[in-house]
Amino acid sequence: MSFNIALTGLKSAQTEMDVVSNNVANASTYGFKESRAEFSDVYAVTVFSANRTAVGAGAMITDVAQQFNQGTFMFTDNAFDLAVSGTGFYTLSSGATEADQVFTRAGNFRVDEYGYITTNDDHYLKCFPCDPDTGEATATGGSSLIPLQLPATQGKPTATTQIELGMNLDGGETALTVDNFDPTDTQTYTHSTSINVYDSLGSVHSLTTYFVKDDTAANQWAIFTAVDGNLSDVAGGTAVAAGNPSAGTLYSTMNFNPDGSFAAVAPSPSSTTYTPSTGGAASTIEIDFANNAPTQYSADFSVNTLQQDGSTTGQLTGVDVDEKGVVRSNYTNGTTLALGVIALARFNNDQGLRQKGGTKWEEGTESGVPIFGEAGSGNFGVIRSGALEASNVDLTEQLVNLITAQRYFQSNSKSIQTASDATQSIIQLR
């Protein structure tokens with residue numbers, strides 16, 4: 001009997017040493033969660049046994065329990081080194097179109113040759129689809145998950161729709177006859193300024209605004225626009241009289257108060273439409289004067305505000321991941337595009353997950369089904385970009401546990417030796 005009891009102790013001690021050794025071996029494994037060997041005693045009694053004098057039958061292992069406490073963070077310069085601060089696992093699949101799901105806390109991701117974000121063993125990081133402009137997830141269910149992929153194309157161009165223009169028009173200039181305006185003759189207009197605008201294909205065009213101090217009314221200016229040197233009409237504007245260089249061209253009118261402050265512009269808003277020669281769509285551009293404090297002081301002409309909202313095509317310059325898991329690509333044209341929201345999963349019982357190796361787990365019968373959500377919402381933690389979660393193994397504690405398990409093993413070996421000596425003594429009785 002004592003041989004069997006001591007043998008169970010040896011097996012338990014060996015199991016504990018194996019568990020501790022595995023923890024020590026993975027002390028540098030990103031996202032690794034240590035395990036703990038748990039034991040119980042064994043009693044073999046029947047309803048007719050004398051329980052008060054029953055002797056135990058040894059020890060048995062009941063569980064190798066994973067410990068999912070948070071590991072420390074290691075900070076890096078890689079945007080796709082991701083760490084979850086709090087509850088949640090990254091969701092992975094074995095292929096871009098595969099529906100299988102495994103889960104990990106190891107966030108050392110990379111970009112493959114097709115632009116997908118994957119682990120080192122080619123599992124694909126899954127995300128929720130989102131609105132490309134706002135980054136808001138459009139679906140958060142497990143069936144809506146898609147692989148996260150960087151775009152292979154250039155940044156989409158944006159046609160110019162508005163120009164912000166604020167300036168001071170020199171009130172001391174000589175008034176001119178508006179109908180004589182000719183963009184090729186600098187003597188027929190008072191001031192001008194230009195800005196580059198973009199059509200729907202991302203092609204650049206030069207939009208010039210001309211200012212003519214009107215000789216028919218005090219503190220009044222006529223405003224003409226031209227795109228690539230071609231005059232374009234201001235919608236609802238006043239037409240240049242027939243027989244003049246710019247006959248029929250529609251212009252807007254701006255008025256100032258006697259103190260030089262802005263009074264009004266008509267029509268309001270002042271907008272112009274042009275059809276680019278590049279084949280892009282016809283574009284309407286609104287020029288916003290009223291919100292940019294134009295003035296008419298007796299001072300040199302100056303432009304205080306001049307900006308537009310369009311952009312040409314752009315090359316990918318970088319990727320950012322915020323704490324909510326929204327992945328955005330940045331382009332040289334100043335635009336950004338939200339690619340997806342990294343999906344996190346949590347379980348009612350983390351210890352019920354089945355280990356898959358490679359610092360991955362899969363749903364188990366005791367874990368419950370995965371509950372998906374966005375980082376920073378509900379019970380989910382937040383995502384730290386440029387950081388990795390280290391193993392939660394405490395080496396000092398594990399080495400002490402290893403020494404304890406070794407002593408435990410030695411003690412049980414001594415029990416077997418003692419039982420062997422006792423048996424030998426009995427055999428030698430005559």
# chains A, B, ... in the order shown; residues from 1 in each chain; ligands from 1
$ select_by_dssp --residues "segment 72-232 of chain A" --states "helix (DSSP H, G or I)" --output "ChimeraX atom specification"
/A:142-144,178-180,186-188
$ write_last_selection --atoms "C-alpha atoms" --output "PDB file, in the first residue's frame"
ATOM      1  CA  GLY A 142     -18.930  37.153 -34.596  1.00  0.00           C
ATOM      2  CA  SER A 143     -20.272  36.383 -38.084  1.00  0.00           C
ATOM      3  CA  SER A 144     -19.298  39.851 -39.353  1.00  0.00           C
ATOM      4  CA  VAL A 178     -16.285  96.523 -63.964  1.00  0.00           C
ATOM      5  CA  ASP A 179     -17.445  95.828 -67.530  1.00  0.00           C
ATOM      6  CA  ASN A 180     -13.892  96.493 -68.774  1.00  0.00           C
ATOM      7  CA  THR A 186      -3.728  93.791 -65.152  1.00  0.00           C
ATOM      8  CA  GLN A 187      -4.958  97.379 -65.638  1.00  0.00           C
ATOM      9  CA  THR A 188      -8.606  96.186 -65.609  1.00  0.00           C
TER      10      THR A 188
END
$ select_by_dssp --residues "segment 107-180 of chain A" --states "strand (DSSP E)" --output "NGL selection string"
:A and (110-111 or 117-118 or 124-128 or 146-147 or 162-168)
$ write_last_selection --atoms "C-alpha atoms" --output "PDB file, in the first residue's frame"
ATOM      1  CA  ARG A 110       3.229  41.540 -38.917  1.00  0.00           C
ATOM      2  CA  VAL A 111       2.164  42.425 -42.476  1.00  0.00           C
ATOM      3  CA  ILE A 117      -2.075  41.519 -40.629  1.00  0.00           C
ATOM      4  CA  THR A 118      -0.999  38.091 -39.394  1.00  0.00           C
ATOM      5  CA  TYR A 124      -5.071  36.259 -39.687  1.00  0.00           C
ATOM      6  CA  LEU A 125      -6.119  39.022 -37.302  1.00  0.00           C
ATOM      7  CA  LYS A 126      -9.878  39.615 -37.461  1.00  0.00           C
ATOM      8  CA  CYS A 127     -11.678  42.952 -37.177  1.00  0.00           C
ATOM      9  CA  PHE A 128     -15.118  44.492 -37.462  1.00  0.00           C
ATOM     10  CA  ILE A 146     -13.223  40.152 -41.605  1.00  0.00           C
ATOM     11  CA  PRO A 147      -9.424  39.880 -41.935  1.00  0.00           C
ATOM     12  CA  GLN A 162     -15.068  74.808 -50.770  1.00  0.00           C
ATOM     13  CA  ILE A 163     -12.447  77.519 -50.512  1.00  0.00           C
ATOM     14  CA  GLU A 164     -11.956  79.595 -47.387  1.00  0.00           C
ATOM     15  CA  LEU A 165     -10.832  83.085 -48.456  1.00  0.00           C
ATOM     16  CA  GLY A 166     -10.243  86.044 -46.157  1.00  0.00           C
ATOM     17  CA  MET A 167      -8.354  89.152 -47.253  1.00  0.00           C
ATOM     18  CA  ASN A 168      -7.948  92.914 -46.984  1.00  0.00           C
TER      19      ASN A 168
END
$ residues_around --residues "segment 87-91 of chain A" --least-positions-apart "6" --cutoff "7 Å" --atoms "only C-alpha atoms" --output "PyMOL selection string"
chain A and resi 101-105+125-126+343-346+379-381
$ write_last_selection --atoms "C-alpha atoms" --output "CSV table (one decimal), in the first residue's frame"
chain,number,residue,atom,x,y,z
A,101,GLN,CA,-11.6,31.0,-34.6
A,102,VAL,CA,-8.7,30.9,-32.2
A,103,PHE,CA,-7.8,33.4,-29.6
A,104,THR,CA,-4.6,34.9,-28.3
A,105,ARG,CA,-3.1,37.6,-26.1
A,125,LEU,CA,-6.1,39.0,-37.3
A,126,LYS,CA,-9.9,39.6,-37.5
A,343,ALA,CA,-12.3,42.6,-32.6
A,344,LEU,CA,-11.8,41.5,-29.0
A,345,ALA,CA,-13.4,38.4,-27.5
A,346,ARG,CA,-14.0,37.5,-23.8
A,379,ASN,CA,-15.9,44.9,-19.9
A,380,PHE,CA,-13.3,44.9,-22.6
A,381,GLY,CA,-9.9,46.4,-22.1
$ residues_around --residues "segment 217-228 of chain A" --least-positions-apart "5" --cutoff "8 Å" --atoms "only C-alpha atoms" --output "mmCIF file with N, CA and C atoms, in the first residue's frame"
data_model
loop_
_atom_site.group_PDB
_atom_site.id
_atom_site.type_symbol
_atom_site.label_atom_id
_atom_site.label_comp_id
_atom_site.auth_asym_id
_atom_site.auth_seq_id
_atom_site.Cartn_x
_atom_site.Cartn_y
_atom_site.Cartn_z
ATOM 1 N N GLY A 171 -8.670 99.828 -49.736
ATOM 2 C CA GLY A 171 -9.722 100.817 -49.977
ATOM 3 C C GLY A 171 -9.220 102.091 -50.629
ATOM 4 N N VAL A 178 -16.233 97.978 -64.079
ATOM 5 C CA VAL A 178 -16.285 96.523 -63.964
ATOM 6 C C VAL A 178 -16.416 95.864 -65.330
ATOM 7 N N HIS A 205 -5.683 71.922 -60.494
ATOM 8 C CA HIS A 205 -6.061 73.073 -61.330
ATOM 9 C C HIS A 205 -5.804 74.343 -60.527
ATOM 10 N N SER A 206 -5.585 75.423 -61.235
ATOM 11 C CA SER A 206 -5.346 76.705 -60.586
ATOM 12 C C SER A 206 -6.611 77.552 -60.663
ATOM 13 N N LEU A 207 -7.137 77.908 -59.496
ATOM 14 C CA LEU A 207 -8.318 78.786 -59.439
ATOM 15 C C LEU A 207 -7.851 80.172 -58.998
ATOM 16 N N THR A 208 -8.152 81.164 -59.824
ATOM 17 C CA THR A 208 -7.754 82.548 -59.549
ATOM 18 C C THR A 208 -8.983 83.379 -59.265
ATOM 19 N N THR A 209 -8.902 84.180 -58.222
ATOM 20 C CA THR A 209 -9.981 85.104 -57.870
ATOM 21 C C THR A 209 -9.500 86.527 -58.157
ATOM 22 N N TYR A 210 -10.310 87.273 -58.916
ATOM 23 C CA TYR A 210 -9.979 88.655 -59.285
ATOM 24 C C TYR A 210 -10.913 89.607 -58.557
ATOM 25 N N PHE A 211 -10.364 90.715 -58.079
ATOM 26 C CA PHE A 211 -11.141 91.725 -57.363
ATOM 27 C C PHE A 211 -11.055 93.045 -58.133
ATOM 28 N N VAL A 212 -12.224 93.626 -58.437
ATOM 29 C CA VAL A 212 -12.286 94.902 -59.158
ATOM 30 C C VAL A 212 -13.042 95.902 -58.295
ATOM 31 N N ASP A 233 -18.347 81.125 -64.459
ATOM 32 C CA ASP A 233 -19.437 81.957 -63.943
ATOM 33 C C ASP A 233 -19.703 81.698 -62.471
ATOM 34 N N VAL A 234 -20.056 82.788 -61.764
ATOM 35 C CA VAL A 234 -20.548 82.680 -60.401
ATOM 36 C C VAL A 234 -22.054 82.464 -60.481
ATOM 37 N N LEU A 250 -20.527 85.911 -65.459
ATOM 38 C CA LEU A 250 -21.265 86.226 -64.235
ATOM 39 C C LEU A 250 -20.298 86.399 -63.065
ATOM 40 N N TYR A 251 -20.431 87.486 -62.335
ATOM 41 C CA TYR A 251 -19.555 87.784 -61.200
ATOM 42 C C TYR A 251 -20.373 88.077 -59.960
ATOM 43 N N SER A 252 -19.736 87.996 -58.793
ATOM 44 C CA SER A 252 -20.411 88.330 -57.534
ATOM 45 C C SER A 252 -19.999 89.726 -57.096
ATOM 46 N N THR A 253 -20.755 90.261 -56.169
ATOM 47 C CA THR A 253 -20.514 91.610 -55.677
ATOM 48 C C THR A 253 -20.346 91.585 -54.158
ATOM 49 N N MET A 254 -19.280 92.251 -53.686
ATOM 50 C CA MET A 254 -19.028 92.318 -52.247
ATOM 51 C C MET A 254 -19.088 93.769 -51.786
ATOM 52 N N ASN A 255 -19.787 93.985 -50.681
ATOM 53 C CA ASN A 255 -19.932 95.328 -50.126
ATOM 54 C C ASN A 255 -19.347 95.395 -48.722
ATOM 55 N N PHE A 256 -18.803 96.597 -48.400
ATOM 56 C CA PHE A 256 -18.217 96.842 -47.085
ATOM 57 C C PHE A 256 -18.909 98.017 -46.429
ATOM 58 N N ASN A 257 -18.856 98.057 -45.126
ATOM 59 C CA ASN A 257 -19.373 99.184 -44.371
ATOM 60 C C ASN A 257 -18.382 100.348 -44.446
ATOM 61 N N PRO A 258 -18.839 101.567 -44.116
ATOM 62 C CA PRO A 258 -17.936 102.724 -44.168
ATOM 63 C C PRO A 258 -16.697 102.573 -43.286
ATOM 64 N N GLY A 260 -14.968 99.931 -43.111
ATOM 65 C CA GLY A 260 -14.102 98.929 -43.730
ATOM 66 C C GLY A 260 -14.444 97.495 -43.392
ATOM 67 N N THR A 272 -18.896 78.656 -57.959
ATOM 68 C CA THR A 272 -18.601 78.580 -59.387
ATOM 69 C C THR A 272 -18.464 77.129 -59.800
ATOM 70 N N TYR A 274 -17.030 74.348 -62.830
ATOM 71 C CA TYR A 274 -16.157 74.169 -63.985
ATOM 72 C C TYR A 274 -16.113 72.702 -64.356
ATOM 73 N N GLN A 296 -11.914 96.045 -45.855
ATOM 74 C CA GLN A 296 -11.523 97.034 -46.860
ATOM 75 C C GLN A 296 -10.908 98.223 -46.134
#
$ closest_residue --among "A:Thr332, A:Gly310, A:Gly229, A:Ala264" --to "Ala293 of chain A" --atoms "only C-alpha atoms"
A:Ala264
$ closest_residue --among "A:Val24, A:Leu201, A:Val369, A:Ala159" --to "Gly279 of chain A" --atoms "only C-alpha atoms"
A:Leu201
$ residues_around --residues "Thr312 of chain A" --least-positions-apart "6" --cutoff "10 Å" --atoms "only C-alpha atoms" --output "PDB file with C-alpha atoms, in the first residue's frame"
ATOM      1  CA  GLN A 154      -3.288  54.885 -53.454  1.00  0.00           C
ATOM      2  CA  GLY A 155      -5.263  57.220 -51.235  1.00  0.00           C
ATOM      3  CA  LYS A 156      -8.515  58.263 -52.955  1.00  0.00           C
ATOM      4  CA  PRO A 157      -8.567  61.861 -54.233  1.00  0.00           C
ATOM      5  CA  THR A 158     -11.144  64.327 -52.993  1.00  0.00           C
ATOM      6  CA  ALA A 159     -12.588  66.989 -55.294  1.00  0.00           C
ATOM      7  CA  THR A 160     -12.462  70.559 -53.963  1.00  0.00           C
ATOM      8  CA  VAL A 197      -7.823  72.969 -56.419  1.00  0.00           C
ATOM      9  CA  TYR A 198      -8.450  69.307 -57.295  1.00  0.00           C
ATOM     10  CA  ASP A 199     -10.995  67.581 -59.481  1.00  0.00           C
ATOM     11  CA  SER A 200     -12.619  64.175 -58.899  1.00  0.00           C
ATOM     12  CA  LEU A 201      -9.616  62.395 -60.447  1.00  0.00           C
ATOM     13  CA  GLY A 202      -7.127  64.192 -58.213  1.00  0.00           C
ATOM     14  CA  SER A 203      -5.768  66.391 -61.012  1.00  0.00           C
ATOM     15  CA  VAL A 204      -4.639  69.838 -59.928  1.00  0.00           C
ATOM     16  CA  THR A 332       0.777  61.792 -48.262  1.00  0.00           C
ATOM     17  CA  ASN A 333      -2.214  63.879 -49.367  1.00  0.00           C
ATOM     18  CA  GLY A 334      -3.199  64.399 -45.740  1.00  0.00           C
ATOM     19  CA  THR A 335      -6.177  62.051 -45.818  1.00  0.00           C
TER      20      THR A 335
END
$ residues_around --residues "Glu113 of chain A" --least-positions-apart "5" --cutoff "12 Å" --atoms "only C-alpha atoms" --output "list of chain:residue names"
A:Thr118, A:Asp122, A:Gln149, A:Leu150, A:Pro151, A:Ala152
$ write_last_selection --atoms "C-alpha atoms" --output "compact mmCIF listing (two decimals), in the first residue's frame"
# COMPACT_ATOMS: atom_id res chain seq x y z
CA THR A 118 -1.00 38.09 -39.39
CA ASP A 122 0.22 32.94 -40.54
CA GLN A 149 -5.79 44.17 -44.59
CA LEU A 150 -3.83 47.26 -45.53
CA PRO A 151 -4.95 48.84 -48.83
CA ALA A 152 -2.80 48.16 -51.88
$ residues_around --residues "Ser329 of chain A" --least-positions-apart "2" --cutoff "6 Å" --atoms "only C-alpha atoms" --output "list of chain:residue names"
A:Gly318, A:Val319, A:Thr336, A:Leu337
$ write_last_selection --atoms "C-alpha atoms" --output "short mmCIF file (atom, residue, chain, number, x, y, z; two decimals), in the first residue's frame"
data_model
loop_
_atom_site.label_atom_id
_atom_site.label_comp_id
_atom_site.auth_asym_id
_atom_site.auth_seq_id
_atom_site.Cartn_x
_atom_site.Cartn_y
_atom_site.Cartn_z
CA GLY A 318 1.82 54.90 -42.06
CA VAL A 319 -0.80 53.15 -39.98
CA THR A 336 -6.84 59.13 -43.49
CA LEU A 337 -8.90 56.01 -44.03
#
$ atom_distance --atom1 "atom CA of Asp121 of chain A" --atom2 "atom CA of Ser21 of chain A"
24.1 Å
